[in-house]
Structure formats: structure tokens, C-alpha cells
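Okay, entry.txt now, which holds compact mmCIF, C-alpha atoms:
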```
# COMPACT_ATOMS: atom_id res chain seq x y z
CA MET A 1 99.35 86.04 120.84
CA PRO A 2 98.17 83.57 123.53
CA GLY A 3 100.92 81.67 125.23
CA MET A 4 103.66 83.98 124.02
CA THR A 5 105.63 86.68 125.78
CA CYS A 6 104.83 90.09 124.29
CA ASP A 7 108.20 91.83 124.28
CA ARG A 8 108.50 95.02 122.23
CA HIS A 9 111.23 95.39 119.64
CA ALA A 10 113.96 97.51 121.13
CA GLY A 11 114.45 99.60 118.02
CA GLY A 12 118.14 100.30 117.69
CA HIS A 13 117.81 102.47 114.58
CA PRO A 14 119.26 105.99 114.54
CA PRO A 15 116.84 108.94 114.53
CA PHE A 16 116.03 110.72 111.28
CA HIS A 17 119.09 112.93 110.96
CA ASP A 18 120.70 114.81 108.14
CA SER A 19 124.18 113.32 107.87
CA THR A 20 125.63 116.81 107.42
CA THR A 21 124.54 117.84 110.92
CA THR A 22 124.71 116.37 114.40
CA GLY A 23 121.80 116.05 116.81
CA ARG A 24 119.40 117.99 114.58
CA PRO A 25 116.52 116.22 112.82
CA PHE A 26 116.31 116.61 109.08
CA TYR A 27 113.25 118.20 107.52
CA THR A 28 110.49 115.71 108.24
CA ARG A 29 107.55 115.49 110.65
CA THR A 30 104.42 113.43 110.97
CA GLY A 31 100.98 114.66 111.95
CA GLN A 32 98.86 113.00 114.61
CA ILE A 33 97.15 109.89 113.21
CA ALA A 34 93.67 109.14 114.48
CA ASP A 35 92.73 105.74 115.90
CA SER A 36 91.43 103.35 113.24
CA ARG A 37 88.02 103.17 114.96
CA GLU A 38 87.60 106.93 114.43
CA ARG A 39 88.52 106.94 110.73
CA THR A 40 85.85 107.68 108.18
CA THR A 41 85.67 106.97 104.49
CA MET A 42 87.09 109.74 102.33
CA THR A 43 87.60 110.28 98.65
CA SER A 44 91.01 111.10 97.22
CA PRO A 45 91.43 114.89 97.06
CA ASP A 46 92.26 116.61 93.82
CA ARG A 47 95.59 118.35 93.34
CA ALA A 48 93.98 121.80 93.09
CA THR A 49 92.49 121.51 96.59
CA ILE A 50 95.88 120.76 98.15
CA GLU A 51 97.63 123.49 96.17
CA THR A 52 95.00 125.99 97.34
CA VAL A 53 95.82 125.10 100.95
CA LEU A 54 99.54 125.56 100.23
CA GLN A 55 98.79 129.06 98.97
CA ARG A 56 96.63 129.89 101.98
CA VAL A 57 99.08 128.93 104.74
CA ARG A 58 101.58 131.80 105.09
CA THR A 59 104.49 132.89 107.27
CA ALA A 60 103.85 134.96 110.40
CA ASP A 61 104.58 138.22 108.54
CA HIS A 62 102.38 137.09 105.60
CA ALA A 63 105.31 137.69 103.26
CA ALA A 64 105.27 134.22 101.69
CA SER A 65 103.05 131.16 101.45
CA VAL A 66 104.02 127.51 101.52
CA ALA A 67 103.44 127.49 97.75
CA ASP A 68 105.96 130.33 97.36
CA MET A 69 108.66 128.33 99.14
CA GLY A 70 107.95 124.85 97.81
CA SER A 71 105.92 122.86 95.30
CA LEU A 72 103.56 119.93 95.68
CA ASP A 73 105.60 116.86 94.84
CA ALA A 74 103.19 114.00 95.58
CA PHE A 75 100.23 113.04 97.76
CA MET A 76 98.20 109.98 98.65
CA VAL A 77 95.49 108.90 101.10
CA ARG A 78 95.80 105.88 103.33
CA ASP A 79 93.44 104.86 106.15
CA GLY A 80 92.01 108.36 106.28
CA VAL A 81 95.43 109.99 106.56
CA LEU A 82 96.56 112.39 103.83
CA HIS A 83 100.30 112.08 103.10
CA VAL A 84 101.83 115.05 101.30
CA ALA A 85 105.39 115.57 100.02
CA ILE A 86 106.58 119.13 99.30
CA ALA A 87 109.71 119.72 97.23
CA THR A 88 111.90 122.61 98.33
CA ASP A 89 115.56 123.48 98.76
CA ARG A 90 117.68 123.66 101.89
CA THR A 91 117.63 127.46 102.09
CA ARG A 92 113.83 127.50 102.33
CA ALA A 93 113.26 124.32 104.30
CA GLY A 94 114.13 126.02 107.58
CA SER A 95 111.41 128.63 106.98
CA LEU A 96 108.88 125.99 105.94
CA GLN A 97 109.40 123.73 108.94
CA PRO A 98 107.52 125.93 111.50
CA LEU A 99 104.53 126.12 109.13
CA LEU A 100 103.97 122.34 108.99
CA PRO A 101 101.64 122.03 112.03
CA GLU A 102 99.35 124.78 110.67
CA LEU A 103 99.54 123.28 107.18
CA GLU A 104 98.52 119.84 108.44
CA ARG A 105 95.55 121.31 110.33
CA ALA A 106 94.49 123.25 107.22
CA LEU A 107 94.70 120.12 105.07
CA VAL A 108 92.51 118.16 107.49
CA ALA A 109 89.95 120.99 107.44
CA ALA A 110 89.97 121.30 103.65
CA VAL A 111 89.72 117.62 102.69
CA PRO A 112 86.40 115.95 103.62
CA GLY A 113 86.80 112.74 105.60
CA CYS A 114 90.49 113.35 106.30
CA THR A 115 91.24 112.52 109.94
CA ALA A 116 94.91 113.54 109.91
CA ALA A 117 97.67 114.77 107.65
CA SER A 118 101.38 114.00 107.40
CA VAL A 119 103.68 116.40 105.55
CA ILE A 120 107.32 115.80 104.62
CA LEU A 121 109.77 118.15 102.93
CA THR A 122 112.06 116.72 100.29
CA ALA A 123 115.02 119.09 100.36
CA HIS A 124 117.74 119.07 97.73
CA ARG A 125 120.84 121.09 97.13
CA PRO A 126 120.64 123.39 94.09
CA ALA A 127 121.60 121.60 90.90
CA PRO A 128 125.11 122.40 89.62
CA ALA A 129 125.45 124.39 86.44
CA ALA A 130 125.27 122.27 83.33
CA PRO A 131 128.59 121.76 81.56
CA ALA A 132 129.24 123.30 78.18
CA PRO A 133 127.63 121.26 75.42
CA GLN A 134 129.93 118.81 73.69
CA ALA A 135 129.64 117.02 70.39
CA ALA A 136 127.74 113.78 70.85
CA PRO A 137 129.78 110.64 70.17
CA ALA A 138 128.96 108.75 67.04
CA PRO A 139 126.40 106.04 67.78
CA ALA A 140 127.71 102.52 67.93
CA GLY A 141 126.94 100.51 64.86
CA GLY A 142 124.21 97.89 65.09
CA GLY A 143 122.82 96.91 68.45
CA HIS A 144 119.22 96.46 69.60
CA ARG A 145 117.15 99.54 70.43
CA PRO A 146 113.71 98.20 71.36
CA LEU A 147 112.40 101.54 72.70
CA ASN A 148 111.25 103.76 69.82
CA LEU A 149 111.70 107.28 71.20
CA GLY A 150 111.42 109.10 67.89
CA GLY A 151 114.79 110.86 67.96
CA LYS A 152 116.42 111.82 64.69
CA THR A 153 119.78 110.31 65.64
CA PRO A 154 120.02 107.22 67.87
CA LYS A 155 122.02 107.94 71.00
CA ALA A 156 124.32 105.32 72.48
CA ALA A 157 124.92 104.96 76.20
CA THR A 158 126.87 107.98 77.34
CA GLY A 159 129.94 106.22 78.74
CA PRO A 160 131.07 105.59 82.30
CA LEU A 161 128.35 107.78 83.85
CA PRO A 162 125.20 109.51 82.60
CA PRO A 163 125.81 113.28 82.31
CA ASN A 164 125.75 115.19 85.63
CA VAL A 165 125.31 112.01 87.73
CA GLY A 166 127.68 111.75 90.69
CA VAL A 167 127.63 108.01 91.36
CA VAL A 168 125.61 104.97 90.29
CA ILE A 169 124.82 102.15 92.73
CA ALA A 170 122.97 98.87 92.18
CA VAL A 171 120.46 97.14 94.46
CA ALA A 172 120.69 93.45 93.63
CA SER A 173 119.85 89.96 94.81
CA GLY A 174 120.88 86.52 93.68
CA LYS A 175 117.25 85.37 93.49
CA GLY A 176 113.77 86.80 93.20
CA GLY A 177 111.19 87.15 95.95
CA VAL A 178 113.45 88.63 98.64
CA GLY A 179 112.03 92.19 98.50
CA LYS A 180 114.78 93.73 96.39
CA SER A 181 112.55 96.19 94.51
CA THR A 182 110.77 97.29 97.68
CA THR A 183 114.17 97.88 99.28
CA ALA A 184 115.41 99.79 96.22
CA VAL A 185 112.39 102.12 96.17
CA ASN A 186 112.48 102.88 99.89
CA LEU A 187 116.27 103.28 99.85
CA ALA A 188 116.08 105.76 96.97
CA VAL A 189 113.30 107.82 98.58
CA GLY A 190 115.13 107.62 101.93
CA LEU A 191 118.31 108.94 100.32
CA GLY A 192 116.24 111.84 99.00
CA LEU A 193 115.05 112.55 102.54
CA GLU A 194 118.70 112.52 103.60
CA GLY A 195 119.24 115.52 101.34
CA LEU A 196 120.72 113.82 98.27
CA LYS A 197 119.44 114.41 94.75
CA VAL A 198 118.36 110.93 93.63
CA GLY A 199 117.26 109.07 90.51
CA LEU A 200 115.85 105.53 90.48
CA LEU A 201 116.14 103.25 87.44
CA ASP A 202 114.13 100.02 87.26
CA ALA A 203 116.37 97.69 85.22
CA ASP A 204 114.12 94.67 85.75
CA VAL A 205 112.79 94.62 82.18
CA HIS A 206 110.83 91.36 82.56
CA GLY A 207 109.17 92.29 85.86
CA PRO A 208 109.02 96.08 86.28
CA SER A 209 107.32 97.01 89.55
CA LEU A 210 108.52 100.58 90.08
CA PRO A 211 105.44 102.32 88.55
CA ARG A 212 103.05 100.58 90.96
CA MET A 213 105.30 101.07 94.01
CA MET A 214 105.86 104.77 93.23
CA GLY A 215 102.27 105.47 92.19
CA VAL A 216 103.30 106.66 88.71
CA GLY A 217 100.61 105.94 86.12
CA ASP A 218 101.36 108.32 83.26
CA GLN A 219 103.84 107.74 80.47
CA PRO A 220 107.00 109.88 80.64
CA GLU A 221 107.38 112.79 78.26
CA VAL A 222 109.69 112.42 75.27
CA ARG A 223 111.67 115.46 74.07
CA ASP A 224 113.93 115.20 71.05
CA GLY A 225 114.23 111.46 71.49
CA ARG A 226 115.04 111.77 75.21
CA LEU A 227 112.84 110.43 78.01
CA ILE A 228 112.04 112.90 80.81
CA PRO A 229 111.74 110.89 84.05
CA PRO A 230 108.74 111.73 86.24
CA HIS A 231 109.46 113.22 89.66
CA LYS A 232 107.61 111.87 92.69
CA TRP A 233 108.25 111.47 96.42
CA GLY A 234 111.33 113.67 96.05
CA ILE A 235 113.16 111.60 93.42
CA SER A 236 113.24 111.08 89.63
CA ALA A 237 112.29 107.60 88.46
CA MET A 238 112.24 105.63 85.21
CA SER A 239 111.05 102.14 84.32
CA ILE A 240 110.14 100.32 81.16
CA GLY A 241 106.88 99.64 82.98
CA MET A 242 105.99 103.30 82.34
CA LEU A 243 106.18 102.70 78.58
CA VAL A 244 104.12 99.51 78.26
CA ASP A 245 100.79 98.24 79.57
CA GLU A 246 101.06 96.84 83.11
CA SER A 247 99.66 93.46 82.02
CA LYS A 248 101.89 93.09 78.95
CA ALA A 249 104.60 90.42 79.10
CA MET A 250 108.04 91.52 77.87
CA ILE A 251 109.01 88.40 75.91
CA TRP A 252 112.52 89.53 74.96
CA ARG A 253 115.75 87.66 74.52
CA GLY A 254 119.04 88.79 76.02
CA PRO A 255 120.10 91.22 73.24
CA MET A 256 116.76 93.06 73.43
CA VAL A 257 116.99 93.28 77.24
CA MET A 258 120.55 94.59 77.05
CA GLY A 259 119.51 97.13 74.41
CA ALA A 260 116.64 98.39 76.57
CA ILE A 261 118.91 98.81 79.60
CA GLY A 262 121.41 100.70 77.45
CA GLN A 263 118.65 103.04 76.29
CA LEU A 264 117.33 103.60 79.82
CA LEU A 265 120.84 104.69 80.79
CA GLY A 266 121.70 106.68 77.67
CA ASP A 267 118.37 108.07 76.45
CA VAL A 268 116.98 109.40 79.75
CA GLU A 269 117.45 113.06 80.71
CA TRP A 270 118.29 112.42 84.35
CA GLY A 271 119.54 115.93 85.03
CA ALA A 272 121.88 116.70 87.92
CA LEU A 273 121.91 113.82 90.43
CA ASP A 274 124.08 112.92 93.38
CA VAL A 275 123.23 109.25 92.97
CA LEU A 276 121.39 107.02 90.50
CA VAL A 277 120.00 103.90 92.22
CA VAL A 278 119.49 100.96 89.86
CA ASP A 279 117.00 98.24 90.81
CA MET A 280 118.64 95.22 89.18
CA PRO A 281 116.77 92.15 87.95
CA PRO A 282 117.39 89.06 90.08
CA GLY A 283 120.18 86.70 89.14
CA THR A 284 123.64 87.01 87.62
CA GLY A 285 123.27 87.31 83.86
CA ASP A 286 123.15 89.57 80.83
CA ALA A 287 121.47 92.54 82.52
CA GLN A 288 124.06 92.75 85.29
CA LEU A 289 126.94 92.44 82.82
CA THR A 290 125.43 95.10 80.56
CA LEU A 291 125.06 97.56 83.41
CA ALA A 292 128.64 97.02 84.54
CA GLN A 293 129.85 97.61 80.97
CA LYS A 294 127.67 100.65 80.25
CA THR A 295 128.32 102.61 83.42
CA ALA A 296 130.84 102.82 86.24
CA LEU A 297 129.11 101.31 89.27
CA ALA A 298 130.33 102.85 92.51
CA GLY A 299 128.90 100.02 94.60
CA ALA A 300 126.20 97.42 95.10
CA VAL A 301 123.72 96.72 97.91
CA ILE A 302 122.83 93.03 98.21
CA VAL A 303 119.36 92.12 99.54
CA SER A 304 118.71 88.71 101.09
CA THR A 305 116.36 87.00 103.50
CA PRO A 306 117.78 85.10 106.51
CA GLN A 307 117.26 81.51 105.34
CA ASP A 308 120.13 79.46 103.96
CA ILE A 309 118.78 79.03 100.40
CA ALA A 310 118.54 82.80 99.90
CA LEU A 311 122.00 83.33 101.41
CA LEU A 312 123.50 80.93 98.87
CA ASP A 313 122.20 83.16 96.08
CA ALA A 314 123.29 86.32 97.89
CA ARG A 315 126.79 84.82 98.04
CA ARG A 316 126.71 84.39 94.25
CA GLY A 317 125.62 88.00 93.86
CA VAL A 318 128.55 89.23 95.95
CA ALA A 319 130.94 87.02 93.95
CA MET A 320 129.57 88.41 90.66
CA PHE A 321 130.16 92.03 91.65
CA GLU A 322 133.63 91.19 92.94
CA LYS A 323 134.48 89.66 89.54
CA MET A 324 133.27 92.87 87.86
CA ASN A 325 135.41 94.94 90.29
CA VAL A 326 132.32 96.61 91.77
CA PRO A 327 132.59 97.33 95.52
CA VAL A 328 129.89 95.74 97.66
CA LEU A 329 128.49 98.45 99.95
CA GLY A 330 126.91 95.81 102.15
CA VAL A 331 124.17 93.23 102.74
CA VAL A 332 120.62 93.93 103.92
CA GLU A 333 118.59 91.26 105.74
CA ASN A 334 115.01 91.70 104.55
CA MET A 335 112.02 89.96 106.21
CA SER A 336 114.30 89.63 109.22
CA TYR A 337 111.48 89.16 111.71
CA PHE A 338 107.71 89.52 112.04
CA CYS A 339 106.04 91.55 114.80
CA CYS A 340 102.49 90.67 115.71
CA PRO A 341 100.35 93.81 115.17
CA ASN A 342 98.24 92.95 118.22
CA CYS A 343 100.78 92.11 120.92
CA ASN A 344 104.06 93.12 119.22
CA HIS A 345 105.55 89.66 119.79
CA ARG A 346 108.55 89.10 117.55
CA THR A 347 108.64 85.89 115.48
CA GLU A 348 111.59 84.96 113.24
CA LEU A 349 109.70 83.23 110.42
CA PHE A 350 112.70 82.71 108.15
CA GLY A 351 115.34 82.43 110.82
CA HIS A 352 117.37 85.41 111.92
CA GLY A 353 120.89 86.74 111.66
CA GLY A 354 121.85 84.70 108.61
CA ALA A 355 122.63 87.74 106.46
CA ARG A 356 124.73 89.33 109.20
CA ALA A 357 126.74 86.14 109.66
CA GLU A 358 127.18 85.79 105.89
CA ALA A 359 128.32 89.41 105.58
CA ASP A 360 130.90 88.81 108.32
CA ARG A 361 132.07 85.63 106.59
CA MET A 362 132.49 87.43 103.24
CA GLY A 363 134.09 90.49 104.80
CA VAL A 364 131.45 93.00 103.62
CA PRO A 365 129.43 95.47 105.75
CA PHE A 366 126.08 94.47 107.23
CA LEU A 367 123.65 97.32 106.55
CA GLY A 368 120.72 96.39 108.76
CA GLU A 369 117.52 94.40 109.28
CA ILE A 370 114.15 95.13 107.66
CA PRO A 371 111.10 93.60 109.39
CA LEU A 372 108.27 91.74 107.68
CA LEU A 373 105.23 93.98 108.19
CA ALA A 374 101.87 94.50 106.52
CA ASP A 375 102.62 98.25 106.27
CA ILE A 376 105.36 97.56 103.71
CA ARG A 377 103.06 95.54 101.46
CA ALA A 378 100.16 97.98 101.78
CA SER A 379 102.26 101.05 101.03
CA ALA A 380 103.79 99.41 97.94
CA ASP A 381 100.33 98.46 96.63
CA ASN A 382 99.08 102.00 97.27
CA GLY A 383 101.95 103.66 95.43
CA ALA A 384 103.60 105.38 98.40
CA PRO A 385 106.88 104.01 99.83
CA VAL A 386 106.52 103.16 103.51
CA VAL A 387 109.44 105.48 104.32
CA VAL A 388 107.06 108.38 103.58
CA ALA A 389 103.65 106.73 104.07
CA ALA A 390 104.45 105.50 107.59
CA PRO A 391 107.79 107.09 108.56
CA ASP A 392 107.37 106.39 112.28
CA SER A 393 106.55 102.70 111.84
CA PRO A 394 109.25 100.08 112.51
CA ALA A 395 109.55 99.54 108.76
CA GLY A 396 109.80 103.25 108.01
CA GLN A 397 112.49 103.69 110.66
CA ALA A 398 114.40 100.65 109.39
CA TYR A 399 114.49 102.01 105.84
CA ARG A 400 115.50 105.47 107.07
CA ALA A 401 118.32 103.88 109.05
CA LEU A 402 119.42 102.00 105.93
CA ALA A 403 119.32 105.21 103.86
CA HIS A 404 121.26 107.05 106.56
CA THR A 405 124.02 104.42 106.51
CA VAL A 406 124.22 104.18 102.71
CA GLY A 407 123.93 107.96 102.38
CA GLY A 408 126.98 108.42 104.59
CA ALA A 409 129.01 106.10 102.35
CA LEU A 410 127.81 107.91 99.23
CA ARG A 411 128.72 111.32 100.63
CA ARG A 412 132.24 110.07 101.24
CA LEU A 413 132.45 108.78 97.65
CA LEU A 414 131.20 112.11 96.30
CA GLU A 415 133.69 114.01 98.42
CA GLN A 416 136.51 111.79 97.14
CA LYS A 417 135.43 112.52 93.56
CA LYS A 418 135.46 116.27 94.24
CA LYS A 419 138.96 116.10 95.72
CA ALA A 420 140.24 114.01 92.81
CA ALA A 421 138.80 116.56 90.33
CA ARG A 422 140.64 119.49 91.93
```

Serialized structure, C-alpha cells:
Amino acid sequence: MPGMTCDRHAGGHPPFHDSTTTGRPFYTRTGQIADSRERTTMTSPDRATIETVLQRVRTADHAASVADMGSLDAFMVRDGVLHVAIATDRTRAGSLQPLLPELERALVAAVPGCTAASVILTAHRPAPAAPAPQAAPAPAGGGHRPLNLGGKTPKAATGPLPPNVGVVIAVASGKGGVGKSTTAVNLAVGLGLEGLKVGLLDADVHGPSLPRMMGVGDQPEVRDGRLIPPHKWGISAMSIGMLVDESKAMIWRGPMVMGAIGQLLGDVEWGALDVLVVDMPPGTGDAQLTLAQKTALAGAVIVSTPQDIALLDARRGVAMFEKMNVPVLGVVENMSYFCCPNCNHRTELFGHGGARAEADRMGVPFLGEIPLLADIRASADNGAPVVVAAPDSPAGQAYRALAHTVGGALRRLLEQKKKAAR
């Protein structure tokens, strides 16, 4: 920008590490991205083409293919770059990692118009064995159940935690428009890249945005009155937006909203998860109270922008969770600064440092700064979280740093639960 000093942002975020190791990158790499002037128009590839490439790329001894060691989780095209996520487990991820350069070259060759490819591995620990079946509790009398899932017997919320879920955390804000849902989606996918088994629940019944941000267009399957959450970008996700038309307004009063949230907790077959991340609606009302009553929240992440008016609402959010005896894991400062894409000059459009100062004042951890960048908006519109669509961008690194910090806290909580159960 003319008349301004073009100083580059110094970074300050930790590298992409698995929190169970030291000095060793976790399973993720990014292919070389061509200059925008060299990109050509390409059509979106079909799933069969990518799966054929996965079968063709094999280990040095030809004993196994990429398809034998992992499965295609999700893919999308952006600016001529094909982004692919492959689901695998930790035991096979080490064998897959050396094949990624060859796989990326093969994808570029197989997909017309593709100038580069970026492949990530979403690695999860094996799911624990399911507990012995128990008699279902009698459903609570009355209550609103707005989601007709066709089950023979209505199922109430399952108690303090959904079955086989380690911990539940909330991503909340005192007001709308601060980027809470974008933060929740990228945090959840980032936690998956950290090696945790993750579910994401969109509890914003009036304004569900998860389907668009995750690129999920199909309705979830229903089995015996239970919703099966779709799996994409390494995590399971559920939103009421998957059950209704995107343009339909949910004109529901409080009891209907509370009933829907109870069903999304109790009538979804989440499976074995380390953590369920809940994207809360903005504010401090019925939905937040319902969630606190239906499940045992292990903590809350508060999202705010730096300006004073947003911090006032963030303060109310912290106070609400404290009244409900829910620990506050920390505060995130979203839209912390803007970097010019041409000269990289940093401009603090909404002020800077307000969330950090407020976190210090309230005695809660400060979890980091997320910049205001066009990449974040574009990736959300295209259905691929920026943490996987542009992992090496300042935004991608900021979200990975946030996931690394929160993931460390969650691992400690899970370890404490294991010790208490012994």
C-alpha cells in the first residue's frame, strides 16, 4: 500500500505437530501451488477418478496401494488446486506419508486443468470397543421433538454425555458476527488433524451454517430413528441445516429450539469420539441453558473481536458459563488484524489486543489471534475449512495453532478421566 511500511507478520505460531510427539510433524503436507497467472480453468473431478489414482499409487514393493491403507474422505478444487483428504489410522499413516509426493503428481496428471494437488492424512486412533448394550431409559414425558426421525420409540437425551464421547466442549460468543462458526469448524477439523477423533454439532438452529462451510449437501441417513452424521474432512458433523432447505427460515419458539438441540444430542449416532465440539448460537439464552442441562460440558471457547462492544458481550458469555459451572478454556481474538495481500502490511481494523487484555482481566487463558483474510471467507463459501484448504496460509497456521493449544488441554482432560475410571 502506498505510503505504508510493508512489514511482514512475524508468525509466532507453533509448527504443525502432533501433541503426542516432540519435534516431529504430524501427518500433513502440501503440494506445490502454481502461480495464479499459470492456473487454468478446470472442472471438478469425479470421485471415481480420484479413487482410481489412489489404487494406482503403490508402495515401493507393490504390496499395497494408497487405497489399501486409507480411504478418500473429502476433496475439493480451489484456484486450480485439488485438495484431497485421506482417512487412515496411525499405524498406516507412517507408511502412507512417503507416498504423498507421488500421489500428488499422479493426481495432477489424472485431473485435467489441475495445476497442483495438496493431500492431507486425517489419522485417528482405533475406536474403543462398544460397551455392552444396556436397557434404554424410559423417555421423558411430554417435551417438544420437532425432528421426525421415524423411530418406534422416542429417545430422550442420553444423560451427561452421548455414548462413547470423551468430552464435550462449546464454542460460543456473546453476540453474532464475530466468526464463531468459522472458528468452530476450523477448530474441529484442526483437532482431527491433531489426531483426535472429533464430532461437530451445529446447535445454531436459527442460523445453521455448518453444511455450507463443510461442503455437505446430502441429508444424513436415518437408521432406526437415529441420525448417522456424515463424515468429511476427518470429522463427523451434524446440523439441522442438513435436514431442511438452506433457504427455509426456522421460525421456532424456545421450547421447539430446546427440543431440537436435545434430539441432536440424543438421537445422533456419534460413535466413539474423543471430543464433541458444539457450535453454540450467539447470546446467553435457552439454547445455552439446554445444552448445559442435557450434557456435561468440559469447557467453553469464547470467540470475540478486538473492539470494545464485542468484548462486552464476550464478558457476558464468560459470566454465563461460570454461572453454569462450565470451565472457560480460553478466549480467541478473531479478525485480530488484516494483512494486505499485495504488500503484507498489517492493519488493525477493529483495534488489537482487546481480547487478550480482557482474558487477563477475567483470569482466563488467551488462546490466540486469528487474522482477517480473504482465504477464510473463500474457503468457507467453497465448503473446505481453511485449515485444510490453505494449511500454510497465515489463517491456516493460526487455526492449527489454536487446535494444537486446545488439543493439549483436551488430552489432559481425557487422561484425567481415564485415571479417575481406574

For range 65-75 of chain A, find every residue with an atom within 6 Å (counting only C-alpha atoms), except residues of its own chain fewer than 3 positions away, and show them as number ranges by chain. A: 54-55, 57-58, 83-88, 232-233

Can you tell me, as JSON, numbers by chain, what residues are no more than 7 Å from Cys114 in chain A when counting only C-alpha atoms, ignoring any on the same chain fewer than 5 positions away? {"A": [42, 80, 81, 82, 108]}

Selection from above, C-alpha atoms, as a short mmCIF file (atom, residue, chain, number, x, y, z; two decimals), keeping the file's coordinate frame, can you write it?
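Written output follows (out-v5.cif):
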```cif
data_model
loop_
_atom_site.label_atom_id
_atom_site.label_comp_id
_atom_site.auth_asym_id
_atom_site.auth_seq_id
_atom_site.Cartn_x
_atom_site.Cartn_y
_atom_site.Cartn_z
CA MET A 42 87.09 109.74 102.33
CA GLY A 80 92.01 108.36 106.28
CA VAL A 81 95.43 109.99 106.56
CA LEU A 82 96.56 112.39 103.83
CA VAL A 108 92.51 118.16 107.49
#
```

Show me the residues around (124.2, 99.0, 103.2) - criterion: an atom at most 6 Å away, all atoms listed in the file counted - as a ChimeraX atom specification. /A:301,329-331,367,406

Atomic separation - CA of Arg346 in chain A relative to CA of Ala184 in chain A, Å: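 About the pair CA of Ala184 in chain A and CA of Arg346 in chain A: they are 24.8 Å apart.
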
Check the smallest atom-to-atom distance from each of A:Pro281, A:Gly190, A:Pro162, A:Pro229 to Pro391 in chain A using all atoms listed in the file, then report the winner.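 Checking each candidate against Pro391 in chain A, we get A:Gly190 as the closest.
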
Long-range neighbours of Ile261 in chain A as a VMD selection string, 9 Å cut-off, all atoms listed in the file, 3 positions minimum in chain: chain A and resid 203 to 205 256 to 258 264 to 266 287 290 to 291 294

Using only C-alpha atoms for the distances, tell me which of A:Ser95, A:Gln219, A:Gln263, A:Gln288 is nearest to Ala172 in chain A.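 For Ala172 in chain A, the nearest of the candidates is A:Gln288.
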
Would you pick out the contacts of Pro341 in chain A at 9 Å or less, using only C-alpha atoms, so that residues sharing its chain but fewer than 2 positions from it are not included, and give the list as a list of chain:residue names? A:Cys339, A:Cys343, A:Asn344, A:His345, A:Leu373, A:Ala374

By how many Å are CA of Asp392 in chain A and CA of Thr182 in chain A apart? 17.5 Å

Record the distance separating CA of Trp270 in chain A and CA of Ala296 in chain A, expressed in Å with one decimal. 15.9 Å

Range 191-199 of chain A, all listed atoms, 6 Å padding on each side: what axis-aligned box centre and edge lengths in Å to one decimal come out, as lines of an AutoDock Vina configuration file?
```
center_x = 117.9
center_y = 112.2
center_z = 97.1
size_x = 17.7
size_y = 18.6
size_z = 25.1
```

Find, counting all atoms listed in the file, the residue in A:Lys197, A:Arg400, A:Arg316, A:Arg412 that gets nearest to Met362 in chain A.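 Smallest separation from Met362 in chain A among the options: A:Arg316.
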
Best match for closeness to Glu104 in chain A among A:Val244, A:Val326, A:Val119, A:Ala421, counting only C-alpha atoms: A:Val119

Applying 7 Å and only C-alpha atoms, which residues near Pro208 in chain A remain after dropping the ones on its own chain fewer than 5 positions away? List them as a list in words.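 What passes the distance filter is Asp202, Ser239, Ile240 and Gly241 of chain A.
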
Could you turn the residues from that selection into a file that holds C-alpha atoms, as a PDB file, keeping the file's coordinate frame?
```pdb
ATOM      1  CA  ASP A 202     114.130 100.020  87.260  1.00  0.00           C
ATOM      2  CA  SER A 239     111.050 102.140  84.320  1.00  0.00           C
ATOM      3  CA  ILE A 240     110.140 100.320  81.160  1.00  0.00           C
ATOM      4  CA  GLY A 241     106.880  99.640  82.980  1.00  0.00           C
TER       5      GLY A 241
END
```

Quick one: of A:Val77, A:Ile302, A:Arg422, A:Leu201, who's nearest to Leu276 in chain A, counting only C-alpha atoms? A:Leu201

Have a look at A:Met242, A:Arg90, A:Glu221, A:Gly166 and name the one nearest to Leu410 in chain A; count all atoms listed in the file.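 Distance minimum relative to Leu410 in chain A lands on A:Gly166.
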